[in-house]
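Content type PDB, C-alpha atoms and all ligand atoms, from the file entry.pdb:
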```pdb
ATOM      1  CA  MET A   1     -15.486  -1.696  -5.357  1.00  0.00           C
ATOM      2  CA  ARG A   2     -12.993   0.838  -3.969  1.00  0.00           C
ATOM      3  CA  LEU A   3     -10.580  -0.685  -1.505  1.00  0.00           C
ATOM      4  CA  ILE A   4      -7.559   0.354   0.503  1.00  0.00           C
ATOM      5  CA  LEU A   5      -4.982  -2.224   1.592  1.00  0.00           C
ATOM      6  CA  MET A   6      -2.928  -1.207   4.617  1.00  0.00           C
ATOM      7  CA  GLY A   7      -0.295  -2.821   6.800  1.00  0.00           C
ATOM      8  CA  PRO A   8       3.322  -2.343   7.805  1.00  0.00           C
ATOM      9  CA  PRO A   9       6.135  -2.864   5.272  1.00  0.00           C
ATOM     10  CA  GLY A  10       6.401  -6.596   4.680  1.00  0.00           C
ATOM     11  CA  ALA A  11       2.831  -7.375   5.744  1.00  0.00           C
ATOM     12  CA  GLY A  12       2.062  -8.717   2.266  1.00  0.00           C
ATOM     13  CA  LYS A  13       0.213  -5.749   0.754  1.00  0.00           C
ATOM     14  CA  GLY A  14       1.790  -5.952  -2.674  1.00  0.00           C
ATOM     15  CA  THR A  15       1.416  -9.723  -2.722  1.00  0.00           C
ATOM     16  CA  GLN A  16      -2.263  -9.686  -1.743  1.00  0.00           C
ATOM     17  CA  ALA A  17      -3.112  -6.604  -3.828  1.00  0.00           C
ATOM     18  CA  LYS A  18      -2.508  -8.510  -7.058  1.00  0.00           C
ATOM     19  CA  VAL A  19      -4.677 -11.457  -5.986  1.00  0.00           C
ATOM     20  CA  ILE A  20      -7.539  -9.346  -4.633  1.00  0.00           C
ATOM     21  CA  ALA A  21      -7.580  -6.926  -7.580  1.00  0.00           C
ATOM     22  CA  ALA A  22      -7.670  -9.806 -10.074  1.00  0.00           C
ATOM     23  CA  LYS A  23     -10.587 -11.405  -8.259  1.00  0.00           C
ATOM     24  CA  LEU A  24     -12.516  -8.125  -8.010  1.00  0.00           C
ATOM     25  CA  GLY A  25     -11.722  -7.096 -11.595  1.00  0.00           C
ATOM     26  CA  VAL A  26     -10.273  -3.718 -10.583  1.00  0.00           C
ATOM     27  CA  PRO A  27      -6.764  -2.264 -11.074  1.00  0.00           C
ATOM     28  CA  ALA A  28      -4.263  -2.592  -8.195  1.00  0.00           C
ATOM     29  CA  ILE A  29      -2.643   0.806  -7.742  1.00  0.00           C
ATOM     30  CA  SER A  30       0.614   0.481  -5.802  1.00  0.00           C
ATOM     31  CA  THR A  31       2.380   3.762  -5.073  1.00  0.00           C
ATOM     32  CA  GLY A  32       5.548   1.818  -4.261  1.00  0.00           C
ATOM     33  CA  ASP A  33       5.452   0.036  -7.639  1.00  0.00           C
ATOM     34  CA  ILE A  34       4.826   3.305  -9.505  1.00  0.00           C
ATOM     35  CA  PHE A  35       7.764   4.936  -7.713  1.00  0.00           C
ATOM     36  CA  ARG A  36      10.031   1.952  -8.435  1.00  0.00           C
ATOM     37  CA  ALA A  37       9.072   1.978 -12.138  1.00  0.00           C
ATOM     38  CA  ASN A  38       9.971   5.683 -12.269  1.00  0.00           C
ATOM     39  CA  VAL A  39      13.255   5.057 -10.465  1.00  0.00           C
ATOM     40  CA  SER A  40      14.265   2.355 -12.939  1.00  0.00           C
ATOM     41  CA  GLN A  41      13.316   4.572 -15.902  1.00  0.00           C
ATOM     42  CA  GLN A  42      15.185   7.493 -14.279  1.00  0.00           C
ATOM     43  CA  THR A  43      12.274   9.898 -14.758  1.00  0.00           C
ATOM     44  CA  PRO A  44      12.287  13.227 -12.834  1.00  0.00           C
ATOM     45  CA  LEU A  45       9.704  11.689 -10.442  1.00  0.00           C
ATOM     46  CA  GLY A  46      11.932   8.651  -9.953  1.00  0.00           C
ATOM     47  CA  LEU A  47      15.023  10.754  -9.310  1.00  0.00           C
ATOM     48  CA  GLU A  48      13.104  12.712  -6.658  1.00  0.00           C
ATOM     49  CA  ALA A  49      11.591   9.609  -5.008  1.00  0.00           C
ATOM     50  CA  LYS A  50      14.757   7.493  -4.903  1.00  0.00           C
ATOM     51  CA  GLY A  51      16.510   9.330  -2.081  1.00  0.00           C
ATOM     52  CA  TYR A  52      13.475   9.097   0.191  1.00  0.00           C
ATOM     53  CA  MET A  53      12.849   5.429  -0.583  1.00  0.00           C
ATOM     54  CA  ASP A  54      16.466   4.386  -0.065  1.00  0.00           C
ATOM     55  CA  ALA A  55      16.410   6.071   3.352  1.00  0.00           C
ATOM     56  CA  GLY A  56      13.115   4.399   4.338  1.00  0.00           C
ATOM     57  CA  GLU A  57      11.314   7.764   4.421  1.00  0.00           C
ATOM     58  CA  TYR A  58       8.027   8.634   2.758  1.00  0.00           C
ATOM     59  CA  VAL A  59       8.075  10.510  -0.518  1.00  0.00           C
ATOM     60  CA  PRO A  60       6.558  14.006   0.073  1.00  0.00           C
ATOM     61  CA  ASP A  61       2.744  14.131   0.102  1.00  0.00           C
ATOM     62  CA  SER A  62       2.571  16.697  -2.701  1.00  0.00           C
ATOM     63  CA  VAL A  63       4.408  14.360  -5.086  1.00  0.00           C
ATOM     64  CA  THR A  64       2.520  11.226  -4.033  1.00  0.00           C
ATOM     65  CA  ASN A  65      -0.925  12.850  -4.084  1.00  0.00           C
ATOM     66  CA  ALA A  66      -0.473  14.268  -7.587  1.00  0.00           C
ATOM     67  CA  MET A  67       0.638  10.853  -8.836  1.00  0.00           C
ATOM     68  CA  VAL A  68      -2.377   9.056  -7.337  1.00  0.00           C
ATOM     69  CA  ARG A  69      -4.832  11.694  -8.567  1.00  0.00           C
ATOM     70  CA  ASP A  70      -3.532  11.195 -12.082  1.00  0.00           C
ATOM     71  CA  ARG A  71      -3.756   7.400 -11.789  1.00  0.00           C
ATOM     72  CA  ILE A  72      -7.283   7.153 -10.418  1.00  0.00           C
ATOM     73  CA  ASN A  73      -8.539   9.549 -13.091  1.00  0.00           C
ATOM     74  CA  GLN A  74      -7.606   7.001 -15.746  1.00  0.00           C
ATOM     75  CA  ASP A  75     -10.429   5.101 -17.433  1.00  0.00           C
ATOM     76  CA  ASP A  76      -9.683   1.669 -15.975  1.00  0.00           C
ATOM     77  CA  ALA A  77     -10.145   3.001 -12.425  1.00  0.00           C
ATOM     78  CA  ARG A  78     -13.589   4.481 -13.074  1.00  0.00           C
ATOM     79  CA  GLY A  79     -15.486   1.427 -11.817  1.00  0.00           C
ATOM     80  CA  GLY A  80     -13.277   0.808  -8.805  1.00  0.00           C
ATOM     81  CA  PHE A  81      -9.693   0.262  -7.681  1.00  0.00           C
ATOM     82  CA  LEU A  82      -7.517  -1.203  -4.989  1.00  0.00           C
ATOM     83  CA  LEU A  83      -5.024   1.197  -3.406  1.00  0.00           C
ATOM     84  CA  ASP A  84      -1.900  -0.602  -2.152  1.00  0.00           C
ATOM     85  CA  GLY A  85       0.233   1.577   0.131  1.00  0.00           C
ATOM     86  CA  TYR A  86      -1.835   4.750  -0.193  1.00  0.00           C
ATOM     87  CA  PRO A  87      -2.861   6.712   1.829  1.00  0.00           C
ATOM     88  CA  ARG A  88       0.012   6.563   4.330  1.00  0.00           C
ATOM     89  CA  THR A  89      -0.336   9.958   6.059  1.00  0.00           C
ATOM     90  CA  VAL A  90      -3.203  12.050   7.417  1.00  0.00           C
ATOM     91  CA  ALA A  91      -2.605  14.587   4.629  1.00  0.00           C
ATOM     92  CA  GLN A  92      -2.945  11.787   2.049  1.00  0.00           C
ATOM     93  CA  VAL A  93      -6.258  10.701   3.618  1.00  0.00           C
ATOM     94  CA  GLU A  94      -7.570  14.247   3.242  1.00  0.00           C
ATOM     95  CA  GLU A  95      -6.413  14.460  -0.362  1.00  0.00           C
ATOM     96  CA  LEU A  96      -7.926  11.061  -1.198  1.00  0.00           C
ATOM     97  CA  ASP A  97     -11.233  12.199   0.310  1.00  0.00           C
ATOM     98  CA  ALA A  98     -11.145  15.227  -2.004  1.00  0.00           C
ATOM     99  CA  MET A  99     -10.376  13.029  -5.047  1.00  0.00           C
ATOM    100  CA  LEU A 100     -13.281  10.713  -4.168  1.00  0.00           C
ATOM    101  CA  ALA A 101     -15.620  13.667  -3.693  1.00  0.00           C
ATOM    102  CA  ASP A 102     -14.751  14.801  -7.233  1.00  0.00           C
ATOM    103  CA  HIS A 103     -15.922  11.393  -8.455  1.00  0.00           C
ATOM    104  CA  LYS A 104     -18.913  11.343  -6.056  1.00  0.00           C
ATOM    105  CA  ALA A 105     -17.456   8.078  -4.752  1.00  0.00           C
ATOM    106  CA  ALA A 106     -16.466   6.588  -1.415  1.00  0.00           C
ATOM    107  CA  ILE A 107     -14.153   3.914  -0.054  1.00  0.00           C
ATOM    108  CA  ASP A 108     -16.046   0.648   0.491  1.00  0.00           C
ATOM    109  CA  ALA A 109     -13.498  -1.066   2.714  1.00  0.00           C
ATOM    110  CA  VAL A 110     -10.069  -0.650   4.270  1.00  0.00           C
ATOM    111  CA  VAL A 111      -8.286  -3.945   4.896  1.00  0.00           C
ATOM    112  CA  VAL A 112      -5.413  -3.907   7.391  1.00  0.00           C
ATOM    113  CA  LEU A 113      -3.042  -6.893   7.309  1.00  0.00           C
ATOM    114  CA  THR A 114      -1.564  -7.675  10.722  1.00  0.00           C
ATOM    115  CA  VAL A 115       1.713  -9.610  10.954  1.00  0.00           C
ATOM    116  CA  ASP A 116       4.178 -10.272  13.815  1.00  0.00           C
ATOM    117  CA  GLN A 117       7.261  -8.045  13.853  1.00  0.00           C
ATOM    118  CA  ASP A 118       9.674 -11.019  13.634  1.00  0.00           C
ATOM    119  CA  GLU A 119       7.867 -12.419  10.594  1.00  0.00           C
ATOM    120  CA  ILE A 120       7.959  -9.006   8.881  1.00  0.00           C
ATOM    121  CA  VAL A 121      11.719  -8.700   9.295  1.00  0.00           C
ATOM    122  CA  ALA A 122      12.206 -12.305   8.108  1.00  0.00           C
ATOM    123  CA  ARG A 123      10.093 -11.690   4.969  1.00  0.00           C
ATOM    124  CA  LEU A 124      11.904  -8.499   4.055  1.00  0.00           C
ATOM    125  CA  LEU A 125      15.354 -10.001   4.602  1.00  0.00           C
ATOM    126  CA  ARG A 126      14.306 -12.946   2.395  1.00  0.00           C
ATOM    127  CA  ARG A 127      13.174 -10.477  -0.265  1.00  0.00           C
ATOM    128  CA  ALA A 128      16.510  -8.641   0.037  1.00  0.00           C
ATOM    129  CA  GLU A 129      18.236 -11.869  -1.033  1.00  0.00           C
ATOM    130  CA  THR A 130      15.944 -12.541  -3.982  1.00  0.00           C
ATOM    131  CA  GLU A 131      15.087  -9.057  -5.300  1.00  0.00           C
ATOM    132  CA  GLY A 132      17.924  -6.875  -3.978  1.00  0.00           C
ATOM    133  CA  ARG A 133      15.660  -3.906  -3.232  1.00  0.00           C
ATOM    134  CA  THR A 134      17.785  -1.021  -1.933  1.00  0.00           C
ATOM    135  CA  ASP A 135      15.345  -0.350   0.932  1.00  0.00           C
ATOM    136  CA  ASP A 136      15.441  -3.916   2.297  1.00  0.00           C
ATOM    137  CA  THR A 137      18.624  -3.576   4.374  1.00  0.00           C
ATOM    138  CA  GLU A 138      18.187  -4.222   8.103  1.00  0.00           C
ATOM    139  CA  GLU A 139      18.751  -0.565   9.018  1.00  0.00           C
ATOM    140  CA  VAL A 140      16.279   0.777   6.446  1.00  0.00           C
ATOM    141  CA  ILE A 141      13.703  -1.911   7.302  1.00  0.00           C
ATOM    142  CA  ARG A 142      13.851  -0.680  10.924  1.00  0.00           C
ATOM    143  CA  ARG A 143      13.389   2.942   9.810  1.00  0.00           C
ATOM    144  CA  ARG A 144      10.427   1.973   7.591  1.00  0.00           C
ATOM    145  CA  GLN A 145       8.753   0.233  10.539  1.00  0.00           C
ATOM    146  CA  ASP A 146       9.233   3.367  12.680  1.00  0.00           C
ATOM    147  CA  VAL A 147       7.850   5.644   9.969  1.00  0.00           C
ATOM    148  CA  TYR A 148       4.846   3.335   9.610  1.00  0.00           C
ATOM    149  CA  ALA A 149       4.205   3.401  13.369  1.00  0.00           C
ATOM    150  CA  GLU A 150       4.506   7.203  13.521  1.00  0.00           C
ATOM    151  CA  GLN A 151       2.687   8.255  10.369  1.00  0.00           C
ATOM    152  CA  THR A 152       0.501   5.422   9.066  1.00  0.00           C
ATOM    153  CA  ALA A 153      -0.707   3.372  12.062  1.00  0.00           C
ATOM    154  CA  PRO A 154      -2.808   6.358  13.274  1.00  0.00           C
ATOM    155  CA  LEU A 155      -4.875   6.090  10.054  1.00  0.00           C
ATOM    156  CA  ILE A 156      -6.309   2.791  11.322  1.00  0.00           C
ATOM    157  CA  SER A 157      -8.410   4.591  13.920  1.00  0.00           C
ATOM    158  CA  VAL A 158      -9.417   7.225  11.354  1.00  0.00           C
ATOM    159  CA  TYR A 159     -10.896   4.569   9.072  1.00  0.00           C
ATOM    160  CA  ALA A 160     -12.340   2.623  12.007  1.00  0.00           C
ATOM    161  CA  GLY A 161     -14.230   5.832  12.807  1.00  0.00           C
ATOM    162  CA  HIS A 162     -15.623   5.809   9.252  1.00  0.00           C
ATOM    163  CA  GLY A 163     -16.944   2.274   9.848  1.00  0.00           C
ATOM    164  CA  VAL A 164     -15.090   0.746   6.878  1.00  0.00           C
ATOM    165  CA  LEU A 165     -12.132  -0.931   8.609  1.00  0.00           C
ATOM    166  CA  THR A 166     -11.528  -4.656   8.686  1.00  0.00           C
ATOM    167  CA  GLU A 167      -8.406  -6.237  10.224  1.00  0.00           C
ATOM    168  CA  VAL A 168      -7.162  -9.482   8.692  1.00  0.00           C
ATOM    169  CA  ASP A 169      -4.541 -11.861  10.090  1.00  0.00           C
ATOM    170  CA  GLY A 170      -1.647 -11.713   7.595  1.00  0.00           C
ATOM    171  CA  MET A 171       0.265 -14.681   9.063  1.00  0.00           C
ATOM    172  CA  GLY A 172       0.360 -17.968   7.151  1.00  0.00           C
ATOM    173  CA  THR A 173       0.595 -18.760   3.451  1.00  0.00           C
ATOM    174  CA  VAL A 174      -0.364 -16.309   0.707  1.00  0.00           C
ATOM    175  CA  ASP A 175      -3.444 -18.434  -0.115  1.00  0.00           C
ATOM    176  CA  GLU A 176      -4.556 -18.571   3.512  1.00  0.00           C
ATOM    177  CA  VAL A 177      -4.298 -14.797   3.824  1.00  0.00           C
ATOM    178  CA  SER A 178      -6.174 -14.234   0.536  1.00  0.00           C
ATOM    179  CA  ALA A 179      -8.983 -16.520   1.707  1.00  0.00           C
ATOM    180  CA  ARG A 180      -9.302 -14.523   4.939  1.00  0.00           C
ATOM    181  CA  VAL A 181      -9.432 -11.244   3.017  1.00  0.00           C
ATOM    182  CA  PHE A 182     -12.184 -12.531   0.712  1.00  0.00           C
ATOM    183  CA  GLN A 183     -14.138 -13.816   3.688  1.00  0.00           C
ATOM    184  CA  ALA A 184     -13.803 -10.443   5.435  1.00  0.00           C
ATOM    185  CA  LEU A 185     -15.027  -8.673   2.290  1.00  0.00           C
ATOM    186  CA  GLY A 186     -17.847 -11.146   1.744  1.00  0.00           C
ATOM    187  CA  VAL A 187     -16.461 -11.961  -1.720  1.00  0.00           C
ATOM    188  CA  THR A 188     -17.108 -15.413  -3.175  1.00  0.00           C
ATOM    189  CA  GLY A 189     -16.907 -16.976  -6.653  1.00  0.00           C
ATOM    190  CA  ALA A 190     -15.404 -15.314  -9.744  1.00  0.00           C
ATOM    191  CA  ALA A 191     -14.569 -11.691 -10.578  1.00  0.00           C
ATOM    192  CA  ALA A 192     -16.957  -9.115  -9.155  1.00  0.00           C
ATOM    193  CA  SER A 193     -17.019  -5.323  -9.205  1.00  0.00           C
TER     194      SER A 193
HETATM  195  P1  LIG B   1       5.954  -0.279  -0.841  1.00  0.00           P
HETATM  196  O1  LIG B   1       6.275  -0.705  -2.207  1.00  0.00           O
HETATM  197  O2  LIG B   1       4.501  -0.118  -0.523  1.00  0.00           O
HETATM  198  O3  LIG B   1       6.697  -1.324   0.074  1.00  0.00           O
HETATM  199  P2  LIG B   1       6.302  -2.146   1.360  1.00  0.00           P
HETATM  200  O4  LIG B   1       5.591  -1.319   2.359  1.00  0.00           O
HETATM  201  O5  LIG B   1       7.560  -2.810   1.773  1.00  0.00           O
HETATM  202  O6  LIG B   1       5.271  -3.238   0.966  1.00  0.00           O
HETATM  203  P3  LIG B   1       5.358  -4.330  -0.158  1.00  0.00           P
HETATM  204  O7  LIG B   1       4.022  -4.299  -0.773  1.00  0.00           O
HETATM  205  O8  LIG B   1       6.499  -4.171  -1.070  1.00  0.00           O
HETATM  206  O9  LIG B   1       5.713  -5.674   0.585  1.00  0.00           O
HETATM  207  P4  LIG B   1       4.785  -6.889   0.859  1.00  0.00           P
HETATM  208  O10 LIG B   1       4.273  -6.503   2.186  1.00  0.00           O
HETATM  209  O11 LIG B   1       3.796  -7.262  -0.175  1.00  0.00           O
HETATM  210  O12 LIG B   1       6.685   1.102  -0.474  1.00  0.00           O
HETATM  211  C1  LIG B   1       8.079   1.285  -0.702  1.00  0.00           C
HETATM  212  C2  LIG B   1       8.464   2.744  -0.444  1.00  0.00           C
HETATM  213  O13 LIG B   1       7.788   3.611  -1.407  1.00  0.00           O
HETATM  214  C3  LIG B   1       8.081   3.350   0.913  1.00  0.00           C
HETATM  215  O14 LIG B   1       9.019   3.043   1.923  1.00  0.00           O
HETATM  216  C4  LIG B   1       8.067   4.866   0.551  1.00  0.00           C
HETATM  217  O15 LIG B   1       9.350   5.430   0.493  1.00  0.00           O
HETATM  218  C5  LIG B   1       7.472   4.889  -0.845  1.00  0.00           C
HETATM  219  N1  LIG B   1       6.004   5.056  -0.800  1.00  0.00           N
HETATM  220  C6  LIG B   1       5.085   4.128  -1.206  1.00  0.00           C
HETATM  221  N2  LIG B   1       3.833   4.602  -1.014  1.00  0.00           N
HETATM  222  C7  LIG B   1       3.958   5.843  -0.469  1.00  0.00           C
HETATM  223  C8  LIG B   1       3.024   6.831  -0.021  1.00  0.00           C
HETATM  224  N3  LIG B   1       1.694   6.624  -0.112  1.00  0.00           N
HETATM  225  N4  LIG B   1       3.501   7.982   0.497  1.00  0.00           N
HETATM  226  C9  LIG B   1       4.819   8.221   0.563  1.00  0.00           C
HETATM  227  N5  LIG B   1       5.758   7.336   0.182  1.00  0.00           N
HETATM  228  C10 LIG B   1       5.342   6.140  -0.339  1.00  0.00           C
HETATM  229  O16 LIG B   1       5.755  -8.150   0.819  1.00  0.00           O
HETATM  230  C11 LIG B   1       6.978  -8.239   1.496  1.00  0.00           C
HETATM  231  C12 LIG B   1       7.633  -9.593   1.233  1.00  0.00           C
HETATM  232  O17 LIG B   1       6.928 -10.626   1.925  1.00  0.00           O
HETATM  233  C13 LIG B   1       7.671 -10.027  -0.238  1.00  0.00           C
HETATM  234  O18 LIG B   1       8.932 -10.572  -0.526  1.00  0.00           O
HETATM  235  C14 LIG B   1       6.624 -11.125  -0.344  1.00  0.00           C
HETATM  236  O19 LIG B   1       6.945 -12.096  -1.298  1.00  0.00           O
HETATM  237  C15 LIG B   1       6.646 -11.717   1.054  1.00  0.00           C
HETATM  238  N6  LIG B   1       5.349 -12.254   1.460  1.00  0.00           N
HETATM  239  C16 LIG B   1       4.137 -11.668   1.272  1.00  0.00           C
HETATM  240  N7  LIG B   1       3.164 -12.443   1.800  1.00  0.00           N
HETATM  241  C17 LIG B   1       3.785 -13.524   2.393  1.00  0.00           C
HETATM  242  C18 LIG B   1       3.326 -14.664   3.111  1.00  0.00           C
HETATM  243  N8  LIG B   1       2.016 -14.873   3.390  1.00  0.00           N
HETATM  244  N9  LIG B   1       4.245 -15.548   3.569  1.00  0.00           N
HETATM  245  C19 LIG B   1       5.572 -15.351   3.336  1.00  0.00           C
HETATM  246  N10 LIG B   1       6.071 -14.302   2.630  1.00  0.00           N
HETATM  247  C20 LIG B   1       5.190 -13.392   2.161  1.00  0.00           C
END
```
Using structure tokens, write down the structure from this file.
Ligand code: B4P
Amino acid sequence: MRLILMGPPGAGKGTQAKVIAAKLGVPAISTGDIFRANVSQQTPLGLEAKGYMDAGEYVPDSVTNAMVRDRINQDDARGGFLLDGYPRTVAQVEELDAMLADHKAAIDAVVVLTVDQDEIVARLLRRAETEGRTDDTEEVIRRRQDVYAEQTAPLISVYAGHGVLTEVDGMGTVDEVSARVFQALGVTGAAAS
């Protein structure tokens, strides 16, 4: 199965991606996690991405697209994958379509997690205390929400037009949200692919 997980910053994408990918037996590919790993290892990619991330801006499409192309060409992604936080712009949607065409593949479902604005801010401020991420300050959180609304929210109607979109209520406990996602995907029992 090839899935995309969307939602505003703090909606629970990274949290749910791990649970869903484990259940489906596919790799969870998080662009945010890959960028953060590069930042902590101080690679050239990390040095380029850090400034954008710390400001709450998106890393340029050219950089992000090349990184995802490389990742989904790896062997473990051949049978399917879950994309967490990609695509985030119209240009990334177009590039992903081209990557999928190369593999003669298609996206099976796009899951959008919906969460109240107040809950999002509360979650990210909680994470700021526990993880100390440099992009979880109140000012940067606000900028990330704006960037999401401007550049990523419009993708919801794009994928709705493709007939693959499913919106899932992201409020409640992690387990409650996971159960709703599995129900929306029609997934039951153990690992499937
Ligand atoms: P991401 O890493 O994707 O960060 P995010 O949008 O904040 O989502 P994340 O997955 O971390 O948070 P989650 O909602 O799971 O991106 C970071 C940056 O990388 C971007 O701003 C951008 O600069 C760059 N980037 C990434 N992808 C890019 C792309 N495609 N193009 C360009 N740039 C890109 O969780 C938030 C918190 O809520 C966590 O602490 C979690 O524990 C908690 N939580 C989750 N579910 C909960 C629940 N049900 N109840 C209570 N708390 C919950």
Just want the residues within 7 Å of ligand LIG 1 (chain B), written as an mmCIF file with C-alpha atoms, in the frame of the given file, counting all atoms listed in the file.
```cif
data_model
loop_
_atom_site.group_PDB
_atom_site.id
_atom_site.type_symbol
_atom_site.label_atom_id
_atom_site.label_comp_id
_atom_site.auth_asym_id
_atom_site.auth_seq_id
_atom_site.Cartn_x
_atom_site.Cartn_y
_atom_site.Cartn_z
ATOM 1 C CA PRO A 8 3.322 -2.343 7.805
ATOM 2 C CA PRO A 9 6.135 -2.864 5.272
ATOM 3 C CA GLY A 10 6.401 -6.596 4.680
ATOM 4 C CA ALA A 11 2.831 -7.375 5.744
ATOM 5 C CA GLY A 12 2.062 -8.717 2.266
ATOM 6 C CA LYS A 13 0.213 -5.749 0.754
ATOM 7 C CA GLY A 14 1.790 -5.952 -2.674
ATOM 8 C CA THR A 15 1.416 -9.723 -2.722
ATOM 9 C CA GLN A 16 -2.263 -9.686 -1.743
ATOM 10 C CA SER A 30 0.614 0.481 -5.802
ATOM 11 C CA THR A 31 2.380 3.762 -5.073
ATOM 12 C CA GLY A 32 5.548 1.818 -4.261
ATOM 13 C CA ASP A 33 5.452 0.036 -7.639
ATOM 14 C CA PHE A 35 7.764 4.936 -7.713
ATOM 15 C CA TYR A 52 13.475 9.097 0.191
ATOM 16 C CA MET A 53 12.849 5.429 -0.583
ATOM 17 C CA GLY A 56 13.115 4.399 4.338
ATOM 18 C CA GLU A 57 11.314 7.764 4.421
ATOM 19 C CA TYR A 58 8.027 8.634 2.758
ATOM 20 C CA VAL A 59 8.075 10.510 -0.518
ATOM 21 C CA PRO A 60 6.558 14.006 0.073
ATOM 22 C CA ASP A 61 2.744 14.131 0.102
ATOM 23 C CA THR A 64 2.520 11.226 -4.033
ATOM 24 C CA ASP A 84 -1.900 -0.602 -2.152
ATOM 25 C CA GLY A 85 0.233 1.577 0.131
ATOM 26 C CA TYR A 86 -1.835 4.750 -0.193
ATOM 27 C CA PRO A 87 -2.861 6.712 1.829
ATOM 28 C CA ARG A 88 0.012 6.563 4.330
ATOM 29 C CA ARG A 123 10.093 -11.690 4.969
ATOM 30 C CA LEU A 124 11.904 -8.499 4.055
ATOM 31 C CA ARG A 126 14.306 -12.946 2.395
ATOM 32 C CA ARG A 127 13.174 -10.477 -0.265
ATOM 33 C CA ARG A 144 10.427 1.973 7.591
ATOM 34 C CA GLY A 170 -1.647 -11.713 7.595
ATOM 35 C CA MET A 171 0.265 -14.681 9.063
ATOM 36 C CA GLY A 172 0.360 -17.968 7.151
ATOM 37 C CA THR A 173 0.595 -18.760 3.451
ATOM 38 C CA VAL A 174 -0.364 -16.309 0.707
ATOM 39 C CA VAL A 177 -4.298 -14.797 3.824
#
```
At a cut-off of 7 Å, using all atoms listed in the file, what residues contact Asn65 (chain A)? Leave out same-chain residues fewer than 3 positions from it and give the result as an MDAnalysis selection string.
chainID A and resid 61:62 68:69 92 95
Using all atoms listed in the file, collect all residues at a distance of at most 12 Å from (-5.7, 8.0, 11.4) as written in the file, then present them as a PyMOL selection string.
chain A and resi 6+87-94+148-162+165
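A straight line drawn from CA of Ile4 (chain A) to CA of Leu83 (chain A) is 4.7 Å long.
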Using all atoms listed in the file, find the one residue out of A:Arg2, A:Arg71, A:Lys23, A:Arg36 that sits nearest to Ala179 (chain A).
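The closest residue to Ala179 (chain A) is A:Lys23.
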